[in-house]
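*Asks:* Data file model23.txt (compact mmCIF, C-alpha atoms and all ligand atoms) is appended below.
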# COMPACT_ATOMS: atom_id res chain seq x y z
CA MET G 1 -135.76 -59.98 60.56
CA THR G 2 -134.41 -56.55 59.60
CA LYS G 3 -134.51 -54.26 62.59
CA ARG G 4 -136.04 -50.81 62.30
CA ILE G 5 -134.52 -47.48 63.23
CA VAL G 6 -136.19 -44.10 63.60
CA ALA G 7 -133.73 -41.30 62.74
CA TYR G 8 -135.13 -37.93 63.78
CA THR G 9 -132.25 -35.56 63.03
CA ARG G 10 -130.89 -34.60 59.61
CA LEU G 11 -128.10 -36.99 58.64
CA LYS G 12 -125.67 -36.86 55.72
CA PRO G 13 -126.19 -39.50 53.01
CA ILE G 14 -122.96 -41.23 54.06
CA HIS G 15 -124.37 -41.87 57.54
CA LEU G 16 -127.90 -42.62 56.41
CA ASP G 17 -126.57 -45.14 53.86
CA GLN G 18 -124.63 -46.98 56.55
CA LEU G 19 -127.80 -47.36 58.57
CA ARG G 20 -129.86 -48.36 55.53
CA GLN G 21 -127.39 -51.12 54.64
CA ARG G 22 -128.32 -52.93 57.87
CA PHE G 23 -131.68 -51.61 59.00
CA HIS G 24 -134.98 -50.31 57.78
CA VAL G 25 -134.81 -46.58 58.49
CA ASP G 26 -137.81 -44.33 59.09
CA TYR G 27 -136.20 -40.96 58.47
CA PHE G 28 -137.60 -37.68 59.83
CA GLU G 29 -135.13 -35.13 58.57
CA ALA G 30 -137.17 -32.08 59.55
CA LEU G 31 -139.13 -33.25 62.60
CA LYS G 32 -140.87 -30.28 64.23
CA SER G 33 -142.28 -32.04 67.27
CA THR G 34 -142.28 -35.47 68.88
CA ASP G 35 -146.10 -35.19 68.75
CA ASP G 36 -145.89 -35.75 64.98
CA PRO G 37 -148.31 -38.67 64.35
CA ASP G 38 -146.04 -40.27 61.70
CA PHE G 39 -143.11 -40.15 64.11
CA ARG G 40 -145.20 -41.75 66.85
CA GLN G 41 -146.41 -44.42 64.51
CA ALA G 42 -142.84 -45.21 63.41
CA LEU G 43 -141.79 -45.44 67.06
CA GLY G 44 -144.32 -48.25 67.42
CA GLN G 45 -142.09 -50.55 65.35
CA ALA G 46 -138.67 -49.09 66.17
CA HIS G 47 -135.81 -51.10 67.65
CA GLY G 48 -133.46 -48.13 67.53
CA LEU G 49 -133.73 -44.37 67.84
CA VAL G 50 -131.07 -41.92 66.56
CA GLY G 51 -131.13 -38.16 66.85
CA SER G 52 -130.73 -35.13 69.08
CA SER G 53 -132.29 -31.87 70.23
CA PHE G 54 -135.73 -33.20 71.24
CA VAL G 55 -136.81 -34.15 74.72
CA ILE G 56 -137.62 -37.86 74.73
CA ALA G 57 -140.13 -38.01 77.58
CA PRO G 58 -140.87 -41.27 79.44
CA GLU G 59 -144.40 -41.09 77.98
CA LEU G 60 -142.93 -41.30 74.47
CA LEU G 61 -141.22 -44.57 75.33
CA GLU G 62 -144.63 -46.13 75.85
CA HIS G 63 -145.14 -45.72 72.10
CA ALA G 64 -141.99 -47.76 71.46
CA PRO G 65 -142.59 -51.25 72.87
CA GLN G 66 -139.76 -52.86 70.87
CA LEU G 67 -137.09 -50.26 71.54
CA GLU G 68 -133.65 -51.75 72.29
CA ALA G 69 -131.26 -48.82 71.93
CA VAL G 70 -131.14 -45.03 71.67
CA ALA G 71 -128.17 -43.14 70.20
CA THR G 72 -128.07 -39.42 70.87
CA ILE G 73 -125.86 -37.30 68.62
CA SER G 74 -124.55 -35.35 71.58
CA VAL G 75 -122.49 -35.98 74.68
CA GLY G 76 -125.11 -34.42 76.98
CA TYR G 77 -128.05 -36.73 77.61
CA ASP G 78 -130.29 -34.54 79.72
CA ASN G 79 -133.02 -34.90 77.04
CA TYR G 80 -133.43 -38.60 77.84
CA PRO G 81 -135.15 -40.40 80.73
CA VAL G 82 -132.14 -42.50 81.73
CA GLU G 83 -133.88 -44.34 84.58
CA ALA G 84 -136.91 -45.29 82.49
CA LEU G 85 -134.65 -46.49 79.67
CA THR G 86 -132.51 -48.53 82.03
CA ARG G 87 -135.55 -50.06 83.72
CA ARG G 88 -136.61 -51.36 80.33
CA GLY G 89 -133.09 -52.53 79.46
CA ILE G 90 -132.84 -49.98 76.62
CA LEU G 91 -129.24 -48.93 75.94
CA LEU G 92 -128.53 -45.20 75.81
CA CYS G 93 -125.41 -44.18 73.86
CA ASN G 94 -123.83 -40.73 73.43
CA THR G 95 -120.87 -39.10 71.65
CA PRO G 96 -118.15 -38.13 74.14
CA ASP G 97 -114.51 -37.45 73.19
CA VAL G 98 -115.05 -36.69 69.50
CA LEU G 99 -116.42 -33.23 70.36
CA THR G 100 -114.25 -32.39 73.36
CA GLU G 101 -111.61 -30.24 71.65
CA THR G 102 -114.07 -28.37 69.43
CA THR G 103 -116.30 -27.54 72.38
CA ALA G 104 -113.28 -26.45 74.41
CA ASP G 105 -112.33 -24.20 71.46
CA THR G 106 -115.81 -22.66 71.69
CA GLY G 107 -115.32 -22.08 75.41
CA PHE G 108 -112.10 -20.26 74.75
CA LEU G 109 -113.61 -18.38 71.84
CA LEU G 110 -116.22 -17.02 74.27
CA ILE G 111 -113.58 -16.15 76.85
CA MET G 112 -111.56 -14.23 74.26
CA ALA G 113 -114.46 -12.63 72.39
CA THR G 114 -116.06 -11.43 75.62
CA ALA G 115 -112.88 -10.17 77.25
CA ARG G 116 -111.68 -8.37 74.13
CA ARG G 117 -115.18 -7.27 73.10
CA ALA G 118 -114.53 -8.70 69.64
CA ILE G 119 -118.12 -8.87 68.41
CA GLU G 120 -119.09 -5.44 69.73
CA LEU G 121 -116.03 -3.82 68.15
CA ALA G 122 -116.40 -5.68 64.86
CA GLU G 123 -119.99 -4.39 64.72
CA LEU G 124 -118.70 -0.86 65.32
CA VAL G 125 -116.36 -1.21 62.32
CA LYS G 126 -119.16 -2.71 60.20
CA ARG G 127 -121.43 0.26 61.00
CA GLY G 128 -118.73 2.66 59.81
CA ASP G 129 -118.32 4.10 63.33
CA TRP G 130 -114.54 3.65 63.40
CA THR G 131 -113.83 7.29 62.74
CA ALA G 132 -110.96 7.91 65.13
CA SER G 133 -108.39 5.97 67.11
CA ILE G 134 -110.13 3.69 69.62
CA GLY G 135 -109.93 4.99 73.18
CA GLU G 136 -110.45 3.70 76.69
CA PRO G 137 -114.24 3.27 76.49
CA HIS G 138 -113.61 0.47 74.01
CA PHE G 139 -110.67 -1.24 75.70
CA GLY G 140 -111.01 -4.85 76.70
CA THR G 141 -109.63 -7.01 79.51
CA ASP G 142 -106.53 -9.20 79.45
CA VAL G 143 -107.00 -12.96 79.42
CA HIS G 144 -103.40 -14.09 79.77
CA GLY G 145 -102.13 -14.42 83.31
CA LYS G 146 -105.63 -14.24 84.85
CA THR G 147 -107.42 -16.79 87.04
CA LEU G 148 -109.69 -19.25 85.29
CA GLY G 149 -112.34 -20.93 87.45
CA MET G 150 -113.68 -24.16 85.95
CA VAL G 151 -117.04 -25.36 87.25
CA GLY G 152 -116.90 -29.03 86.26
CA PHE G 153 -113.54 -30.51 85.31
CA GLY G 154 -114.28 -33.40 82.97
CA ARG G 155 -113.30 -33.81 79.33
CA ILE G 156 -114.40 -30.38 78.08
CA GLY G 157 -113.52 -28.56 81.30
CA ALA G 158 -110.00 -29.96 81.12
CA GLY G 159 -109.81 -28.91 77.46
CA VAL G 160 -110.70 -25.29 78.28
CA ALA G 161 -108.31 -25.29 81.25
CA ARG G 162 -105.49 -26.70 79.11
CA ARG G 163 -105.92 -23.84 76.65
CA GLY G 164 -105.92 -21.34 79.51
CA ALA G 165 -103.01 -22.76 81.48
CA LEU G 166 -100.70 -23.83 78.67
CA GLY G 167 -101.61 -21.24 76.04
CA PHE G 168 -102.37 -18.18 78.14
CA GLY G 169 -100.46 -18.72 81.38
CA MET G 170 -103.67 -18.70 83.42
CA ARG G 171 -103.96 -19.95 86.98
CA VAL G 172 -106.61 -22.66 87.05
CA LEU G 173 -109.05 -23.29 89.90
CA TYR G 174 -111.68 -25.98 89.62
CA ALA G 175 -114.79 -27.09 91.46
CA CYS G 176 -115.80 -30.63 90.66
CA SER G 177 -117.52 -33.66 92.17
CA SER G 178 -114.24 -35.57 92.30
CA PRO G 179 -110.57 -34.56 92.50
CA LYS G 180 -108.46 -34.71 89.35
CA PRO G 181 -104.88 -35.34 90.50
CA ALA G 182 -103.48 -35.88 86.99
CA LEU G 183 -104.85 -32.52 85.83
CA GLU G 184 -103.60 -30.84 89.00
CA GLN G 185 -100.16 -32.14 88.08
CA GLU G 186 -100.40 -31.24 84.39
CA LEU G 187 -101.91 -27.76 84.74
CA SER G 188 -101.03 -26.82 88.33
CA ALA G 189 -104.79 -26.68 88.80
CA VAL G 190 -106.15 -26.26 92.33
CA ARG G 191 -109.41 -27.81 93.50
CA CYS G 192 -111.57 -25.62 95.72
CA GLU G 193 -115.12 -25.16 96.91
CA LEU G 194 -117.45 -23.52 94.42
CA ASN G 195 -117.91 -20.39 96.57
CA GLU G 196 -114.17 -19.88 96.87
CA LEU G 197 -113.69 -20.36 93.14
CA LEU G 198 -116.41 -17.83 92.36
CA SER G 199 -114.87 -15.19 94.58
CA GLN G 200 -111.35 -15.65 93.18
CA ALA G 201 -111.82 -16.27 89.46
CA ASP G 202 -111.51 -13.60 86.78
CA PHE G 203 -113.20 -15.98 84.34
CA VAL G 204 -115.80 -18.51 85.48
CA CYS G 205 -116.49 -21.23 82.92
CA VAL G 206 -119.28 -23.77 83.40
CA THR G 207 -118.89 -27.29 81.97
CA VAL G 208 -121.00 -29.51 84.26
CA PRO G 209 -123.73 -31.73 82.80
CA LEU G 210 -127.35 -30.77 83.48
CA THR G 211 -128.69 -32.95 86.28
CA ALA G 212 -131.14 -32.48 89.15
CA GLU G 213 -128.13 -31.44 91.25
CA THR G 214 -126.74 -28.88 88.78
CA THR G 215 -130.04 -27.24 87.81
CA HIS G 216 -129.64 -23.54 88.72
CA LEU G 217 -126.27 -24.33 90.30
CA ILE G 218 -125.32 -20.75 89.47
CA GLY G 219 -127.90 -18.23 90.68
CA ARG G 220 -128.28 -14.95 92.54
CA HIS G 221 -126.11 -16.02 95.48
CA GLU G 222 -123.34 -17.28 93.20
CA PHE G 223 -123.28 -14.15 91.00
CA GLY G 224 -123.12 -12.14 94.20
CA LEU G 225 -119.86 -13.89 95.10
CA MET G 226 -118.17 -13.10 91.79
CA LYS G 227 -115.88 -10.11 91.27
CA PRO G 228 -117.47 -7.08 89.56
CA SER G 229 -114.77 -7.60 86.91
CA ALA G 230 -115.64 -11.30 86.43
CA ILE G 231 -116.49 -12.71 83.03
CA PHE G 232 -118.95 -15.60 83.10
CA VAL G 233 -118.95 -18.26 80.37
CA ASN G 234 -121.49 -21.07 79.98
CA ILE G 235 -120.89 -23.81 77.40
CA ALA G 236 -122.74 -26.54 79.34
CA ARG G 237 -126.52 -26.21 79.48
CA GLY G 238 -128.68 -23.12 79.96
CA LYS G 239 -130.60 -24.58 82.89
CA VAL G 240 -127.43 -24.90 84.98
CA VAL G 241 -127.76 -21.13 85.36
CA ASP G 242 -130.67 -19.12 86.73
CA GLU G 243 -130.95 -16.89 83.67
CA ALA G 244 -133.03 -14.20 85.41
CA ALA G 245 -130.27 -13.91 88.03
CA LEU G 246 -127.64 -13.74 85.27
CA ILE G 247 -129.50 -10.94 83.50
CA ALA G 248 -129.82 -9.03 86.78
CA ALA G 249 -126.10 -9.51 87.55
CA LEU G 250 -125.17 -8.18 84.10
CA GLU G 251 -127.58 -5.24 84.31
CA THR G 252 -126.48 -4.13 87.77
CA GLY G 253 -122.75 -4.57 87.12
CA GLU G 254 -122.47 -7.32 89.70
CA ILE G 255 -120.41 -9.10 87.02
CA HIS G 256 -118.66 -7.54 84.04
CA ALA G 257 -119.73 -9.64 81.07
CA ALA G 258 -120.91 -13.04 79.86
CA GLY G 259 -120.15 -15.36 76.97
CA LEU G 260 -123.03 -17.79 76.42
CA ASP G 261 -123.51 -20.72 74.06
CA VAL G 262 -126.51 -22.18 75.87
CA PHE G 263 -129.75 -20.80 77.30
CA GLU G 264 -132.67 -21.88 79.46
CA GLN G 265 -134.89 -21.77 76.38
CA GLU G 266 -133.45 -22.69 72.98
CA PRO G 267 -133.76 -21.18 70.46
CA LEU G 268 -133.53 -18.04 72.57
CA SER G 269 -136.84 -16.25 73.05
CA PRO G 270 -137.12 -13.01 70.98
CA GLU G 271 -137.99 -11.30 74.29
CA SER G 272 -134.66 -12.19 75.88
CA PRO G 273 -132.54 -9.11 76.58
CA LEU G 274 -129.30 -11.15 76.53
CA PRO G 275 -128.33 -10.84 72.84
CA HIS G 276 -128.95 -7.09 72.97
CA MET G 277 -126.66 -6.41 75.93
CA ALA G 278 -123.31 -4.88 74.97
CA ASN G 279 -121.53 -6.96 77.60
CA VAL G 280 -122.86 -10.29 76.29
CA VAL G 281 -121.58 -12.51 73.51
CA ALA G 282 -124.41 -14.93 72.68
CA LEU G 283 -123.95 -17.90 70.36
CA PRO G 284 -126.72 -20.25 69.15
CA HIS G 285 -125.55 -23.47 70.89
CA VAL G 286 -122.66 -24.18 68.52
CA GLY G 287 -120.15 -25.71 70.93
CA SER G 288 -119.50 -28.70 68.67
CA ALA G 289 -120.71 -27.18 65.41
CA THR G 290 -117.84 -27.66 62.98
CA HIS G 291 -118.07 -29.83 59.86
CA GLU G 292 -115.42 -32.22 61.14
CA THR G 293 -116.84 -32.64 64.61
CA ARG G 294 -120.49 -32.94 63.62
CA ASP G 295 -119.45 -35.64 61.10
CA ALA G 296 -117.53 -37.47 63.81
CA MET G 297 -120.51 -37.25 66.18
CA ALA G 298 -122.91 -38.62 63.55
CA GLN G 299 -120.47 -41.44 62.78
CA ARG G 300 -120.18 -42.28 66.48
CA ALA G 301 -123.98 -42.40 66.78
CA VAL G 302 -124.24 -44.66 63.72
CA ASP G 303 -121.55 -46.96 65.14
CA ASN G 304 -123.21 -46.96 68.56
CA ILE G 305 -126.69 -47.89 67.31
CA THR G 306 -125.30 -50.48 64.89
CA LEU G 307 -123.29 -52.24 67.58
CA ALA G 308 -126.16 -52.05 70.06
CA LEU G 309 -128.72 -53.51 67.66
CA GLU G 310 -126.26 -56.26 66.71
CA GLY G 311 -126.04 -57.23 70.38
CA LYS G 312 -122.53 -55.82 70.82
CA ARG G 313 -121.35 -53.28 73.34
CA PRO G 314 -121.65 -49.74 71.89
CA LEU G 315 -118.55 -47.51 71.87
CA SER G 316 -120.04 -45.02 74.30
CA LEU G 317 -122.69 -46.22 76.65
CA VAL G 318 -124.44 -44.03 79.22
CA ASN G 319 -126.39 -46.65 81.16
CA GLU G 320 -123.96 -49.44 81.95
CA ALA G 321 -126.68 -51.14 84.04
CA ALA G 322 -128.85 -51.75 80.97
CA TRP G 323 -125.90 -53.50 79.29
CA ARG G 324 -125.14 -55.57 82.38
CA GLY G 325 -128.77 -56.68 82.35
CA LYS G 326 -128.21 -58.13 78.86
CA THR G 327 -124.97 -59.97 79.54
CA PRO G 328 -124.66 -63.11 81.64
N1 LIG K 1 -122.31 -26.09 74.19
C1 LIG K 1 -122.28 -27.24 73.53
O1 LIG K 1 -122.52 -27.31 72.33
C2 LIG K 1 -121.89 -28.47 74.24
C3 LIG K 1 -122.22 -28.65 75.55
N2 LIG K 1 -121.86 -29.78 76.21
C4 LIG K 1 -122.19 -29.93 77.62
O2 LIG K 1 -120.99 -30.12 78.36
C5 LIG K 1 -121.22 -31.11 79.34
C6 LIG K 1 -119.91 -31.72 79.78
O3 LIG K 1 -119.38 -32.57 78.80
P1 LIG K 1 -118.06 -33.42 79.10
O4 LIG K 1 -116.98 -32.54 79.58
O5 LIG K 1 -117.81 -34.27 77.93
O6 LIG K 1 -118.59 -34.30 80.34
P2 LIG K 1 -117.75 -34.95 81.53
O7 LIG K 1 -118.66 -35.93 82.16
O8 LIG K 1 -116.42 -35.40 81.03
O9 LIG K 1 -117.51 -33.71 82.51
C7 LIG K 1 -118.46 -33.22 83.39
C8 LIG K 1 -117.76 -32.85 84.67
O10 LIG K 1 -118.69 -32.23 85.55
C9 LIG K 1 -118.49 -32.76 86.86
N3 LIG K 1 -119.71 -32.64 87.64
C10 LIG K 1 -120.88 -33.32 87.50
N4 LIG K 1 -121.77 -32.88 88.42
C11 LIG K 1 -121.15 -31.95 89.13
C12 LIG K 1 -121.54 -31.13 90.23
N5 LIG K 1 -122.77 -31.22 90.75
N6 LIG K 1 -120.65 -30.26 90.73
C13 LIG K 1 -119.40 -30.19 90.23
N7 LIG K 1 -118.97 -30.92 89.20
C14 LIG K 1 -119.84 -31.79 88.67
C15 LIG K 1 -118.10 -34.21 86.62
O11 LIG K 1 -117.43 -34.70 87.77
P3 LIG K 1 -116.80 -36.18 87.85
O12 LIG K 1 -115.58 -36.14 86.98
O13 LIG K 1 -116.49 -36.36 89.28
O14 LIG K 1 -117.87 -37.09 87.32
C16 LIG K 1 -117.19 -34.07 85.41
O15 LIG K 1 -115.87 -33.78 85.78
C17 LIG K 1 -122.21 -32.07 78.68
O16 LIG K 1 -122.94 -32.81 79.62
C18 LIG K 1 -123.09 -31.14 77.87
O17 LIG K 1 -124.20 -30.75 78.64
C19 LIG K 1 -121.15 -30.77 75.59
C20 LIG K 1 -120.81 -30.65 74.28
C21 LIG K 1 -121.16 -29.50 73.48
O1 LIG K 2 -124.67 -29.79 73.46
C1 LIG K 2 -124.15 -30.66 72.86
C2 LIG K 2 -123.80 -31.93 73.37
O2 LIG K 2 -123.14 -32.68 72.62
O3 LIG K 2 -124.18 -32.25 74.50
Write out the structure in this file as structure tokens.
*Replies:*
Amino acid sequence: MTKRIVAYTRLKPIHLDQLRQRFHVDYFEALKSTDDPDFRQALGQAHGLVGSSFVIAPELLEHAPQLEAVATISVGYDNYPVEALTRRGILLCNTPDVLTETTADTGFLLIMATARRAIELAELVKRGDWTASIGEPHFGTDVHGKTLGMVGFGRIGAGVARRGALGFGMRVLYACSSPKPALEQELSAVRCELNELLSQADFVCVTVPLTAETTHLIGRHEFGLMKPSAIFVNIARGKVVDEAALIAALETGEIHAAGLDVFEQEPLSPESPLPHMANVVALPHVGSATHETRDAMAQRAVDNITLALEGKRPLSLVNEAAWRGKTP
């Protein structure tokens, strides 16, 4: 029997063809909502699910009685009900590693663009307002030699810190669930409590996954601990930050500026003041969005779902317990 896959994110022909060589693929290249009746009907026969950017609620799984594996085209898996999947023995696979360096580049891009006010000043030139030598009101802030505070020190966090420590001579502090002795050695990084990091860092960069524990990890209290000169960067998930508290901290000068790739609501609501604030650089969740990296992520997802549906261990598995349940 040919197994069936529902693919709900646009894929390049090269990736779609690989899936179609082995499976029957129900392809939703422009899915607007998981309430789409055709999508729900296809789920009814699906053994595999491939995609990203939609919340896959536990209720949706009830429409997929034959589901064996899910491959998200992302490293973050906060859109998936991991416990419900594991309970049913459904494998959940993601795309770590292949996007680490690109996302770390985005983190550093935000650090640099925000500190040096690159977007604001480029806009000034574009408007034709560069009519005299630029003076102090338009000066930026140095990055090199400053203190970089990493909240979360996994793959991407280490990538950002490496750029800061080795490329820009920054002192690295990190707050993380577990110590990272190899990185401490490599980057002279120092582990500290979150509150201490927040009060010492010139740049605070968030790279923790979104979990129940990290939801609103950074809020009013935390912004209050930061230096008035601090620059806050979030490349993790919007909900890790209390956005109302962030807006207040930026408006009152409690912190200096923010570089943001992720938001509590995506796409960003037209009512949000964030993209209109001079001290904010806002990007539309493009941490991994380069041609090379998005191709590598899609390929990893194709490889993951193919292996999983062939009864082999996928390359990157989130719920180890579901795999253990399948193996003697
Ligand atoms: N903006 C974008 O486009 C992108 C965003 N992301 C986001 O970045 C996140 C991180 O990815 P990646 O670096 O690969 O993941 P990792 O799992 O390698 O790193 C996450 C780190 O956060 C730490 N951590 C987890 N919970 C806490 C906590 N409560 N307090 C302190 N530290 C904590 C982990 O600790 P420990 O090591 O002890 O487990 C780990 O070191 C993803 O989950 C995703 O949400 C990813 C890619 C692109
Ligand atoms: O946000 C992107 C991801 O890969 O996670």
*Asks:* What do you get as a PyMOL selection string if you pick all residues at most 7 Å from ligand LIG 1 (chain K), counting all atoms listed in the file?
*Replies:* chain G and resi 74-77+96-97+99-100+103+151-157+175-179+207-210+213-214+235-237+261-262+285-288
*Asks:* Rank G:Ala248, G:Ala161, G:Val6, G:Ala132 by their smallest atom-to-atom distance to Val70 of chain G, using all atoms listed in the file, and report the top residue only.
*Replies:*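 Of all the options, G:Val6 lies closest to Val70 of chain G.
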*Asks:* What does the structure give for the distance between atom CA of Arg87 of chain G and atom CA of Glu264 of chain G, in Å to one decimal?
*Replies:*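 Interatomic distance, atom CA of Arg87 of chain G to atom CA of Glu264 of chain G: 28.6 Å.
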*Asks:* Looking at all atoms listed in the file, which of G:Asn94, G:Ser188, G:Gln200, G:Gln265 is the one that sits closest to ligand LIG 2 (chain K)?
*Replies:* G:Asn94
*Asks:* Would you list the residues near (-130.8, -37.6, 64.4) (no more than 6 Å away, in the coordinates of the file, using all atoms listed in the file) as a list in words?
*Replies:*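 The residues that fall inside the cut-off are Ala7, Tyr8, Thr9, Arg10, Val50, Gly51 and Ser52 of chain G.
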*Asks:* Using all atoms listed in the file, which of G:Glu120, G:Asp17, G:Glu136, G:Glu266 sits nearest ligand LIG 2 (chain K)?
*Replies:*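 Smallest separation from ligand LIG 2 (chain K) among the options: G:Glu266.
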*Asks:* Find the distance between atom CA of Val233 of chain G and atom CA of Val280 of chain G and write it in Å to one decimal.
*Replies:* 9.8 Å
*Asks:* Within 7 Å of (-119.6, -19.8, 77.7), in the coordinates the file gives, what residues turn up when you count all atoms listed in the file, written out as a PyMOL selection string?
*Replies:* chain G and resi 107+110+205-206+232-235+259-261
*Asks:* Point out the residue among G:Arg117, G:Arg324, G:Arg40, G:Arg300 with the least atom-to-atom distance to ligand LIG 2 (chain K), counting only C-alpha atoms and all ligand atoms.
*Replies:* G:Arg300
*Asks:* For Ala115 of chain G, which residue out of G:Ala257, G:Leu194, G:Cys93, G:Leu250 is the nearest one, using only C-alpha atoms?
*Replies:*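 When distances to Ala115 of chain G are compared using only C-alpha atoms, the smallest one comes from G:Ala257.
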*Asks:* Smallest atom-to-atom distance to ligand LIG 2 (chain K): which of G:Val240, G:Val98, G:Val55, G:Ala278, using only C-alpha atoms and all ligand atoms?
*Replies:*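 Counting only C-alpha atoms and all ligand atoms, the residue closest to ligand LIG 2 (chain K) is G:Val98.
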